[in-house]
file query21.csv (CSV, C-alpha atoms)
chain,number,residue,atom,x,y,z
A,23,MET,CA,105.0,53.7,-225.0
A,24,LEU,CA,106.0,56.4,-222.5
A,25,THR,CA,102.5,57.6,-221.9
A,26,LYS,CA,101.1,54.0,-221.9
A,27,VAL,CA,103.3,53.1,-218.9
A,28,LEU,CA,102.0,56.1,-217.0
A,29,ALA,CA,98.4,55.5,-218.1
A,30,ASP,CA,98.6,51.9,-217.0
A,31,HIS,CA,99.5,53.1,-213.5
A,32,GLY,CA,96.9,55.7,-213.0
A,33,ALA,CA,97.8,58.8,-214.9
A,34,GLU,CA,95.1,60.6,-216.8
A,35,VAL,CA,96.6,60.7,-220.3
A,36,VAL,CA,94.8,62.9,-222.9
A,37,LYS,CA,95.9,62.0,-226.4
A,38,LEU,CA,95.5,65.1,-228.7
A,39,GLU,CA,94.9,63.8,-232.2
A,40,PRO,CA,94.6,65.5,-235.5
A,41,PRO,CA,91.5,65.0,-237.6
A,42,GLU,CA,93.0,62.1,-239.5
A,43,GLY,CA,93.9,60.4,-236.2
A,44,ASP,CA,97.2,59.1,-234.8
A,45,THR,CA,99.4,57.3,-237.3
A,46,LEU,CA,99.1,54.0,-235.4
A,47,ARG,CA,95.4,53.9,-236.2
A,48,ALA,CA,96.4,53.2,-239.9
A,49,TRP,CA,98.5,50.1,-238.9
A,50,ARG,CA,95.8,47.5,-239.5
A,51,ILE,CA,95.6,43.7,-239.5
A,52,LYS,CA,92.5,42.5,-241.2
A,53,GLY,CA,91.1,46.0,-240.8
A,54,ILE,CA,91.7,46.2,-237.0
A,55,SER,CA,94.2,48.7,-235.5
A,56,THR,CA,95.9,46.2,-233.2
A,57,THR,CA,98.9,48.4,-232.5
A,58,TRP,CA,96.8,51.4,-231.6
A,59,LYS,CA,94.6,49.3,-229.4
A,60,THR,CA,97.4,47.8,-227.4
A,61,LEU,CA,99.6,50.9,-227.0
A,62,SER,CA,96.7,53.4,-226.4
A,63,ARG,CA,94.7,51.6,-223.7
A,64,ASN,CA,93.8,53.6,-220.6
A,65,LYS,CA,94.1,56.9,-222.6
A,66,LEU,CA,91.5,59.5,-223.5
A,67,SER,CA,91.2,60.9,-227.1
A,68,VAL,CA,90.5,64.5,-227.9
A,69,CYS,CA,90.5,65.4,-231.6
A,70,LEU,CA,91.6,69.0,-232.5
A,71,ALA,CA,92.4,70.8,-235.8
A,72,LEU,CA,95.8,72.0,-234.4
A,73,ARG,CA,96.4,74.3,-237.3
A,74,ASP,CA,93.6,76.5,-236.0
A,75,PRO,CA,94.6,79.2,-233.5
A,76,ALA,CA,91.5,78.3,-231.4
A,77,ALA,CA,92.8,74.8,-231.0
A,78,ILE,CA,96.2,76.1,-229.7
A,79,GLY,CA,94.2,78.1,-227.2
A,80,ILE,CA,92.6,74.9,-226.0
A,81,VAL,CA,96.0,73.3,-225.6
A,82,LYS,CA,97.1,76.2,-223.5
A,83,ARG,CA,94.1,75.8,-221.2
A,84,LEU,CA,94.7,72.1,-220.9
A,85,VAL,CA,98.4,72.8,-220.0
A,86,ALA,CA,97.4,75.1,-217.2
A,87,ASP,CA,96.2,72.2,-215.1
A,88,ALA,CA,98.5,69.4,-216.4
A,89,ALA,CA,101.5,67.9,-214.8
A,90,MET,CA,103.2,66.9,-218.1
A,91,LEU,CA,103.1,67.5,-221.8
A,92,VAL,CA,104.6,65.0,-224.2
A,93,GLU,CA,105.2,65.9,-227.8
A,94,SER,CA,106.9,64.2,-230.7
A,95,PHE,CA,107.0,66.8,-233.4
A,96,ARG,CA,110.2,67.6,-235.4
A,97,PRO,CA,112.3,70.1,-233.4
A,98,GLY,CA,111.0,73.6,-233.9
A,99,VAL,CA,107.4,72.7,-234.7
A,100,LEU,CA,106.2,73.3,-231.2
A,101,GLU,CA,107.7,76.8,-231.3
A,102,LEU,CA,106.0,77.5,-234.7
A,103,MET,CA,102.7,76.5,-233.1
A,104,GLY,CA,103.2,79.1,-230.4
A,105,LEU,CA,103.7,76.5,-227.8
A,106,SER,CA,107.4,76.9,-227.0
A,107,PRO,CA,108.6,75.7,-223.6
A,108,GLU,CA,108.9,79.4,-222.5
A,109,VAL,CA,105.2,80.0,-223.4
A,110,LEU,CA,104.1,76.8,-221.7
A,111,HIS,CA,106.1,77.5,-218.5
A,112,ALA,CA,104.7,81.0,-218.4
A,113,ILE,CA,101.3,79.3,-218.1
A,114,ASN,CA,102.4,76.5,-215.8
A,115,PRO,CA,105.9,76.8,-214.2
A,116,ALA,CA,105.8,73.3,-212.8
A,117,LEU,CA,105.0,71.6,-216.2
A,118,VAL,CA,107.2,68.7,-217.2
A,119,ILE,CA,107.7,68.9,-221.0
A,120,VAL,CA,109.0,65.8,-222.8
A,121,ARG,CA,110.2,66.4,-226.3
A,122,VAL,CA,110.6,63.2,-228.3
A,123,SER,CA,112.5,63.3,-231.5
A,124,GLY,CA,114.8,61.2,-233.6
A,125,TRP,CA,118.0,63.2,-233.1
A,126,GLY,CA,117.4,65.8,-230.4
A,127,GLN,CA,116.5,69.4,-230.0
A,128,THR,CA,120.1,70.4,-230.7
A,129,GLY,CA,122.9,69.2,-232.9
A,130,PRO,CA,123.6,68.9,-236.6
A,131,TYR,CA,120.7,66.5,-237.2
A,132,ARG,CA,118.0,68.3,-235.2
A,133,HIS,CA,116.2,69.3,-238.5
A,134,LYS,CA,116.1,65.7,-239.8
A,135,PRO,CA,113.1,63.4,-239.4
A,136,GLY,CA,113.8,60.5,-237.1
A,137,PHE,CA,112.3,57.1,-237.3
A,138,GLY,CA,113.5,54.3,-235.1
A,139,THR,CA,114.9,52.4,-238.1
A,140,LEU,CA,117.4,55.2,-238.8
A,141,VAL,CA,118.8,55.2,-235.3
A,142,GLU,CA,118.8,51.4,-235.1
A,143,GLY,CA,121.3,51.7,-237.9
A,144,TYR,CA,123.2,54.7,-236.6
A,145,SER,CA,123.6,53.5,-233.1
A,146,GLY,CA,125.8,50.5,-234.1
A,147,PHE,CA,123.1,48.0,-233.4
A,148,ALA,CA,122.5,46.8,-237.0
A,149,ALA,CA,126.2,46.5,-237.6
A,150,VAL,CA,126.6,43.7,-235.0
A,151,ASN,CA,123.2,42.1,-235.6
A,152,GLY,CA,122.9,39.2,-238.0
A,153,PHE,CA,125.5,36.8,-239.6
A,154,ALA,CA,129.0,37.6,-240.9
A,155,ASP,CA,128.3,36.5,-244.4
A,156,ARG,CA,125.0,38.5,-244.8
A,157,GLU,CA,123.8,42.0,-244.6
A,158,PRO,CA,123.4,43.8,-241.3
A,159,VAL,CA,119.9,43.1,-239.8
A,160,LEU,CA,117.5,45.7,-238.5
A,161,PRO,CA,115.1,44.6,-235.7
A,162,PRO,CA,111.6,43.5,-237.0
A,163,MET,CA,109.9,45.6,-234.4
A,164,TYR,CA,110.1,49.2,-233.0
A,165,MET,CA,113.1,48.5,-230.7
A,166,ALA,CA,114.5,52.1,-230.6
A,167,ASP,CA,111.1,53.6,-230.0
A,168,GLY,CA,110.4,51.1,-227.2
A,169,TYR,CA,113.7,51.8,-225.5
A,170,ALA,CA,113.0,55.5,-225.7
A,171,GLY,CA,109.5,55.1,-224.3
A,172,LEU,CA,110.7,53.2,-221.3
A,173,TYR,CA,113.6,55.6,-220.7
A,174,GLY,CA,111.2,58.4,-221.2
A,175,ALA,CA,108.7,57.1,-218.6
A,176,ALA,CA,111.4,56.8,-216.0
A,177,THR,CA,112.9,60.2,-216.8
A,178,ALA,CA,109.5,61.9,-216.8
A,179,MET,CA,108.9,60.6,-213.3
A,180,ILE,CA,112.3,61.9,-212.1
A,181,ALA,CA,111.4,65.4,-213.5
A,182,LEU,CA,107.9,65.2,-212.0
A,183,ARG,CA,109.3,64.3,-208.6
A,184,HIS,CA,111.5,67.4,-208.8
A,185,ALA,CA,108.6,69.6,-210.0
A,186,GLU,CA,106.4,68.4,-207.0
A,187,ALA,CA,109.2,69.2,-204.6
A,188,THR,CA,110.3,72.6,-206.0
A,189,GLY,CA,107.4,73.8,-208.2
A,190,GLN,CA,109.9,74.0,-211.1
A,191,GLY,CA,109.2,72.2,-214.3
A,192,GLN,CA,111.8,71.4,-217.0
A,193,VAL,CA,112.3,70.2,-220.5
A,194,ILE,CA,113.3,66.6,-221.3
A,195,ASP,CA,115.2,66.3,-224.6
A,196,LEU,CA,114.4,62.6,-225.4
A,197,THR,CA,115.9,61.2,-228.6
A,198,LEU,CA,115.3,57.8,-230.2
A,199,PHE,CA,119.1,57.6,-230.6
A,200,ASP,CA,120.3,58.0,-227.1
A,201,PRO,CA,118.6,55.1,-225.3
A,202,ILE,CA,119.5,52.4,-227.9
A,203,PHE,CA,123.0,53.9,-228.2
A,204,THR,CA,123.4,53.5,-224.4
A,205,MET,CA,122.3,49.9,-224.7
A,206,MET,CA,125.2,49.2,-227.0
A,207,GLU,CA,127.8,50.0,-224.4
A,208,PRO,CA,130.7,49.4,-224.1
A,209,GLN,CA,131.2,49.3,-227.9
A,210,LEU,CA,133.4,52.5,-228.1
A,211,ALA,CA,135.5,51.4,-225.1
A,212,ASN,CA,136.1,48.1,-226.8
A,213,TRP,CA,137.0,49.7,-230.0
A,214,LYS,CA,139.4,52.1,-228.3
A,215,LEU,CA,141.2,49.2,-226.6
A,216,ASN,CA,141.6,46.8,-229.6
A,217,GLN,CA,140.7,48.8,-232.8
A,218,THR,CA,138.8,45.8,-233.9
A,219,LEU,CA,135.1,45.8,-235.0
A,220,LYS,CA,133.0,43.1,-233.5
A,221,PRO,CA,131.9,40.6,-236.2
A,222,ARG,CA,128.3,39.7,-236.7
A,223,THR,CA,128.0,36.3,-235.1
A,224,GLY,CA,124.3,35.5,-235.5
A,225,SER,CA,122.9,34.2,-232.2
A,226,ARG,CA,126.4,33.6,-230.7
A,227,SER,CA,127.9,36.0,-228.3
A,228,THR,CA,131.3,37.6,-228.7
A,229,ASN,CA,131.6,37.9,-224.9
A,230,ALA,CA,130.6,34.5,-223.6
A,231,VAL,CA,130.5,31.0,-225.0
A,232,PRO,CA,128.5,28.9,-225.3
A,233,ARG,CA,125.5,31.0,-226.2
A,234,ASN,CA,123.4,30.2,-229.3
A,235,ALA,CA,120.2,29.0,-230.9
A,236,TYR,CA,120.1,25.3,-231.7
A,237,GLN,CA,117.7,23.2,-233.7
A,238,THR,CA,116.2,20.0,-232.4
A,239,ARG,CA,115.5,16.8,-234.2
A,240,ASP,CA,111.8,17.6,-234.8
A,241,GLY,CA,112.5,21.1,-236.1
A,242,GLY,CA,112.0,23.0,-232.8
A,243,TRP,CA,114.5,25.7,-231.6
A,244,VAL,CA,116.1,26.3,-228.3
A,245,CYS,CA,118.2,29.1,-226.9
A,246,LEU,CA,121.0,28.3,-224.5
A,247,SER,CA,123.3,30.5,-222.5
A,248,ALA,CA,126.1,29.2,-220.2
A,249,SER,CA,127.9,32.5,-219.6
A,250,THR,CA,129.4,31.5,-216.2
A,251,GLN,CA,132.1,28.9,-215.6
A,252,GLY,CA,129.9,26.9,-213.4
A,253,MET,CA,127.1,26.7,-215.9
A,254,THR,CA,129.4,25.7,-218.7
A,255,GLU,CA,130.8,22.9,-216.6
A,256,LYS,CA,127.3,21.7,-215.7
A,257,LEU,CA,126.3,21.8,-219.4
A,258,LEU,CA,129.3,19.7,-220.5
A,259,ARG,CA,128.7,17.1,-217.8
A,260,SER,CA,125.0,16.9,-218.8
A,261,ILE,CA,126.0,16.0,-222.4
A,262,ASP,CA,128.5,13.4,-221.1
A,263,ARG,CA,131.5,15.4,-222.2
A,264,ALA,CA,133.1,16.2,-218.8
A,265,GLU,CA,136.5,15.8,-220.4
A,266,LEU,CA,136.0,19.0,-222.3
A,267,ILE,CA,136.1,21.0,-219.0
A,268,THR,CA,139.9,20.6,-218.9
A,269,ASP,CA,140.4,20.7,-222.7
A,270,PRO,CA,142.7,23.7,-223.4
A,271,ARG,CA,140.3,25.0,-226.0
A,272,PHE,CA,137.4,25.2,-223.6
A,273,ARG,CA,139.0,25.6,-220.1
A,274,THR,CA,138.1,29.3,-219.6
A,275,ASN,CA,135.7,31.7,-221.2
A,276,VAL,CA,138.5,33.4,-223.0
A,277,ASP,CA,139.5,30.0,-224.5
A,278,ARG,CA,135.9,29.2,-225.4
A,279,VAL,CA,135.4,32.5,-227.2
A,280,GLN,CA,138.4,31.7,-229.4
A,281,HIS,CA,137.0,28.2,-230.1
A,282,GLY,CA,133.3,29.0,-230.1
A,283,VAL,CA,132.5,27.4,-233.4
A,284,GLU,CA,134.0,24.1,-232.3
A,285,LEU,CA,132.2,24.0,-229.0
A,286,ASP,CA,128.9,25.0,-230.7
A,287,ALA,CA,129.2,22.1,-233.1
A,288,ILE,CA,129.5,19.7,-230.2
A,289,ILE,CA,126.4,21.1,-228.4
A,290,ALA,CA,124.4,21.4,-231.7
A,291,GLY,CA,125.1,17.8,-232.5
A,292,TYR,CA,123.8,16.6,-229.1
A,293,ILE,CA,120.6,18.7,-229.4
A,294,ALA,CA,120.0,17.8,-233.0
A,295,GLU,CA,119.6,14.1,-232.0
A,296,ARG,CA,116.7,14.8,-229.7
A,297,SER,CA,113.2,16.3,-229.9
A,298,LEU,CA,112.3,19.6,-228.4
A,299,ALA,CA,110.5,18.1,-225.5
A,300,GLU,CA,113.4,15.7,-224.8
A,301,VAL,CA,116.0,18.5,-224.9
A,302,LEU,CA,114.0,20.8,-222.6
A,303,ALA,CA,113.3,18.0,-220.1
A,304,HIS,CA,116.9,16.8,-220.1
A,305,PHE,CA,118.6,20.2,-219.6
A,306,ASP,CA,116.0,21.4,-217.1
A,307,ALA,CA,116.7,18.3,-214.9
A,308,ALA,CA,120.4,19.1,-215.2
A,309,GLY,CA,119.8,22.7,-214.1
A,310,VAL,CA,121.2,24.1,-217.4
A,311,THR,CA,119.9,27.5,-218.6
A,312,ILE,CA,118.0,26.6,-221.7
A,313,GLY,CA,114.6,27.5,-223.1
A,314,PRO,CA,112.4,27.2,-226.1
A,315,ILE,CA,112.3,29.8,-228.9
A,316,MET,CA,108.7,30.7,-228.9
A,317,ASP,CA,106.4,32.1,-231.6
A,318,ALA,CA,103.0,33.7,-231.3
A,319,GLU,CA,101.2,30.3,-231.8
A,320,MET,CA,103.2,28.7,-229.0
A,321,LEU,CA,102.8,31.7,-226.7
A,322,GLU,CA,99.0,31.8,-227.0
A,323,HIS,CA,98.6,28.6,-224.9
A,324,ASP,CA,101.8,28.7,-222.9
A,325,PRO,CA,101.2,28.0,-219.1
A,326,TYR,CA,103.9,30.5,-218.0
A,327,VAL,CA,102.4,33.3,-220.0
A,328,ILE,CA,98.9,32.4,-218.8
A,329,GLU,CA,99.6,31.9,-215.1
A,330,ARG,CA,101.8,35.1,-214.9
A,331,GLU,CA,99.0,37.0,-216.7
A,332,ALA,CA,101.6,38.3,-219.2
A,333,VAL,CA,98.7,38.4,-221.6
A,334,VAL,CA,95.2,39.7,-220.8
A,335,GLU,CA,92.1,39.6,-223.0
A,336,VAL,CA,89.8,42.6,-223.1
A,337,PRO,CA,86.3,42.9,-224.7
A,338,ASP,CA,86.5,44.2,-228.3
A,339,ASP,CA,83.6,44.1,-230.7
A,340,GLU,CA,85.9,44.4,-233.7
A,341,MET,CA,87.6,41.1,-232.9
A,342,PRO,CA,86.0,37.9,-234.4
A,343,ASP,CA,85.3,36.3,-231.0
A,344,GLY,CA,84.8,39.6,-229.2
A,345,TRP,CA,88.1,39.5,-227.3
A,346,LEU,CA,91.5,41.2,-227.9
A,347,PRO,CA,94.6,39.8,-226.4
A,348,MET,CA,97.3,42.2,-225.2
A,349,HIS,CA,100.2,42.4,-222.8
A,350,GLY,CA,99.6,42.6,-219.1
A,351,MET,CA,100.8,45.2,-216.7
A,352,VAL,CA,104.5,46.1,-216.8
A,353,PRO,CA,106.2,46.7,-214.4
A,354,ARG,CA,104.4,44.9,-211.5
A,355,LEU,CA,104.0,46.9,-208.3
A,356,SER,CA,102.9,45.2,-205.1
A,357,GLY,CA,101.1,48.2,-203.5
A,358,THR,CA,99.9,50.2,-206.5
A,359,PRO,CA,99.5,47.7,-209.3
A,360,GLY,CA,98.5,48.9,-212.8
A,361,ILE,CA,95.0,48.4,-214.0
A,362,LEU,CA,93.3,48.1,-217.4
A,363,ALA,CA,90.6,50.8,-216.8
A,364,ARG,CA,89.5,51.4,-220.4
A,365,PRO,CA,90.3,50.2,-223.9
A,366,ALA,CA,92.0,52.4,-226.5
A,367,PRO,CA,89.7,55.2,-227.4
A,368,ARG,CA,87.9,56.0,-230.6
A,369,LEU,CA,89.0,59.1,-232.4
A,370,GLY,CA,87.7,62.1,-230.4
A,371,GLU,CA,85.8,59.8,-228.0
A,372,HIS,CA,86.5,62.0,-225.0
A,373,ASN,CA,86.0,65.5,-226.6
A,374,HIS,CA,83.0,66.2,-224.4
A,375,ALA,CA,84.3,64.6,-221.2
A,376,VAL,CA,87.6,66.5,-221.3
A,377,LEU,CA,86.6,69.8,-222.9
A,378,ALA,CA,83.1,70.6,-221.6
A,379,PRO,CA,84.3,71.2,-218.1
A,380,LEU,CA,87.1,73.3,-219.5
A,381,LEU,CA,85.2,75.4,-222.1
A,382,GLY,CA,81.6,75.1,-221.2
A,383,GLU,CA,78.9,73.6,-223.3
A,384,ALA,CA,78.2,76.6,-225.4
A,385,GLU,CA,81.8,77.3,-226.3
A,386,LEU,CA,82.4,73.6,-227.0
A,387,GLU,CA,79.5,73.5,-229.4
A,388,ARG,CA,80.7,76.7,-231.2
A,389,LEU,CA,84.1,75.1,-231.7
A,390,ARG,CA,82.6,71.9,-232.9
A,391,ALA,CA,80.6,73.8,-235.5
A,392,ALA,CA,83.7,75.7,-236.6
A,393,GLY,CA,85.6,72.4,-237.1
A,394,VAL,CA,88.2,73.1,-234.4
A,395,VAL,CA,87.0,70.3,-232.3
A,396,ARG,CA,86.2,67.3,-234.4
A,397,ALA,CA,83.4,64.9,-233.6
A,398,ALA,CA,84.1,61.3,-232.5
call {"tool": "encode", "arguments": {"input": "query21.csv", "output": "structure tokens"}}
result
Amino acid sequence: MLTKVLADHGAEVVKLEPPEGDTLRAWRIKGISTTWKTLSRNKLSVCLALRDPAAIGIVKRLVADAAMLVESFRPGVLELMGLSPEVLHAINPALVIVRVSGWGQTGPYRHKPGFGTLVEGYSGFAAVNGFADREPVLPPMYMADGYAGLYGAATAMIALRHAEATGQGQVIDLTLFDPIFTMMEPQLANWKLNQTLKPRTGSRSTNAVPRNAYQTRDGGWVCLSASTQGMTEKLLRSIDRAELITDPRFRTNVDRVQHGVELDAIIAGYIAERSLAEVLAHFDAAGVTIGPIMDAEMLEHDPYVIEREAVVEVPDDEMPDGWLPMHGMVPRLSGTPGILARPAPRLGEHNHAVLAPLLGEAELERLRAAGVVRAA
């Protein structure tokens, strides 16, 4: 995710892969590595047998002319490979080194493997996600990894800006834990104040009411948030319940939080009597903040998604119709917009393009024959 953001906006990203390929290549739907294809677009692939000292030599030569190195080994592995930050900075003092791990380069858990699932539980997220009468719920996608990637891209650019100004590189200790833990603020301040754990409330908020998911008469779902006083009053007027604005149970947000179940029942009853289309049209006309809960089938043909180019389709001969849908450019810059320059690479596809200018044809062929550089 980190390097995808940079690659989308013009960075030349060389992905160094082991002979078996990156793990994401094995995540397949009907034989197609959709996750790899969407997260590795705009990157180059070089396949090296990194256990061979000659491959480590190639990495050092690549580092000499690089702005940044991103690695996600368990802490200590880079040092065992002979590629410690001290060694790398001796080669290129301005190099920005991003070290991604589950728990960090220091601390009591530095030796432990770190998948996003573990930190989604450890950060406090799962404890507040789900319903009170059921188990804590982990996210069904790589949330912690995504947060870390986005934090990492921003942090890497801060370090790169410093390196360009001073010639001094540095090491970024990027954990999967820290970004998602930061997103959980102010959980510890709240705990210190009231010594009470937040209950799991499903789609309801413990900070502002009303806010929930509601089912329509025809089985559709909508999400509604009226987290300001003005929006709540507008909502209550729109369902012909203006008298509730002055009801002591619902007069202020503090009151509504204490009586959230009662207010939710009133709103849910109103929505349940109408179809999805009727609900959306009614509340849109009233200026109430409500929207449909979309699934992939709905998103495929959604006019907002299409007109905003939130999804783009790229040629792909593995797809049944020859086209692979994926997300558009994020974020959107007016002067230097991102561009989809190339699809995700085949394993080792750019061995020659990257390594021939660096090593020369003869040396590259020798390393290929020795199995250090693996063929595409």
call {"tool": "residues_around", "arguments": {"input": "query21.csv", "residues": "Leu140 of chain A", "least_positions_apart": "3", "cutoff": "12 Å", "atoms": "all atoms listed in the file", "output": "JSON, numbers by chain"}}
result
{"A": [123, 124, 125, 131, 134, 135, 136, 137, 143, 144, 145, 146, 147, 148, 160, 161, 164, 165, 166, 167, 197, 198, 199, 202]}
call {"tool": "residues_near_point", "arguments": {"input": "query21.csv", "point": "(104.0, 54.2, -216.8)", "cutoff": "9 Å", "atoms": "only C-alpha atoms", "output": "number ranges by chain"}}
result
A: 23-33, 172, 175-176, 179, 352-353, 360
call {"tool": "atom_distance", "arguments": {"input": "query21.csv", "atom1": "atom CA of Gly393 of chain A", "atom2": "atom CA of Glu39 of chain A"}}
result
13.6 Å
call {"tool": "closest_residue", "arguments": {"input": "query21.csv", "among": "A:Pro115, A:Pro158, A:Pro347, A:Gly191", "to": "His323 of chain A", "atoms": "all atoms listed in the file"}}
result
A:Pro347
call {"tool": "closest_residue", "arguments": {"input": "query21.csv", "among": "A:Glu329, A:Asp262, A:Glu300, A:Asp339", "to": "Ile288 of chain A", "atoms": "only C-alpha atoms"}}
result
A:Asp262
call {"tool": "residues_around", "arguments": {"input": "query21.csv", "residues": "Glu108 of chain A", "least_positions_apart": "3", "cutoff": "12 Å", "atoms": "only C-alpha atoms", "output": "PyMOL selection string"}}
result
chain A and resi 100-101+104-105+111-117+119+191-193
call {"tool": "write_last_selection", "arguments": {"input": "query21.csv", "atoms": "C-alpha atoms", "output": "CSV table (one decimal), in the frame of the given file"}}
result
chain,number,residue,atom,x,y,z
A,100,LEU,CA,106.2,73.3,-231.2
A,101,GLU,CA,107.7,76.8,-231.3
A,104,GLY,CA,103.2,79.1,-230.4
A,105,LEU,CA,103.7,76.5,-227.8
A,111,HIS,CA,106.1,77.5,-218.5
A,112,ALA,CA,104.7,81.0,-218.4
A,113,ILE,CA,101.3,79.3,-218.1
A,114,ASN,CA,102.4,76.5,-215.8
A,115,PRO,CA,105.9,76.8,-214.2
A,116,ALA,CA,105.8,73.3,-212.8
A,117,LEU,CA,105.0,71.6,-216.2
A,119,ILE,CA,107.7,68.9,-221.0
A,191,GLY,CA,109.2,72.2,-214.3
A,192,GLN,CA,111.8,71.4,-217.0
A,193,VAL,CA,112.3,70.2,-220.5
call {"tool": "residues_near_point", "arguments": {"input": "query21.csv", "point": "(88.2, 74.3, -223.3)", "cutoff": "10 Å", "atoms": "only C-alpha atoms", "output": "list in words"}}
result
Ala76, Ala77, Gly79, Ile80, Val81, Lys82, Arg83, Leu84, Asn373, His374, Val376, Leu377, Ala378, Pro379, Leu380, Leu381, Gly382, Glu383, Glu385, Leu386, Leu389 and Val395 of chain A
call {"tool": "closest_residue", "arguments": {"input": "query21.csv", "among": "A:Met163, A:Ala154, A:Ala187, A:Ala290", "to": "Gly224 of chain A", "atoms": "only C-alpha atoms"}}
result
A:Ala154
call {"tool": "atom_distance", "arguments": {"input": "query21.csv", "atom1": "atom CA of Thr60 of chain A", "atom2": "atom CA of Val244 of chain A"}}
result
28.5 Å
call {"tool": "residues_around", "arguments": {"input": "query21.csv", "residues": "segment 213-222 of chain A", "least_positions_apart": "5", "cutoff": "8 Å", "atoms": "all atoms listed in the file", "output": "number ranges by chain"}}
result
A: 149-154, 158, 228
call {"tool": "closest_residue", "arguments": {"input": "query21.csv", "among": "A:Ile54, A:Leu110, A:Leu91, A:Ala299", "to": "Glu34 of chain A", "atoms": "all atoms listed in the file"}}
result
A:Leu91
call {"tool": "closest_residue", "arguments": {"input": "query21.csv", "among": "A:Ile289, A:Ile51, A:Met205, A:Val122", "to": "Arg263 of chain A", "atoms": "all atoms listed in the file"}}
result
A:Ile289
call {"tool": "atom_distance", "arguments": {"input": "query21.csv", "atom1": "atom CA of Ala397 of chain A", "atom2": "atom CA of Arg368 of chain A"}}
result
10.4 Å
call {"tool": "closest_residue", "arguments": {"input": "query21.csv", "among": "A:Ala392, A:Val310, A:Arg259, A:Arg278", "to": "Asp74 of chain A", "atoms": "all atoms listed in the file"}}
result
A:Ala392
call {"tool": "residues_around", "arguments": {"input": "query21.csv", "residues": "Asn234 of chain A", "least_positions_apart": "4", "cutoff": "12 Å", "atoms": "all atoms listed in the file", "output": "PyMOL selection string"}}
result
chain A and resi 223-228+230+243-249+282-283+285-287+289-290+293+311-315
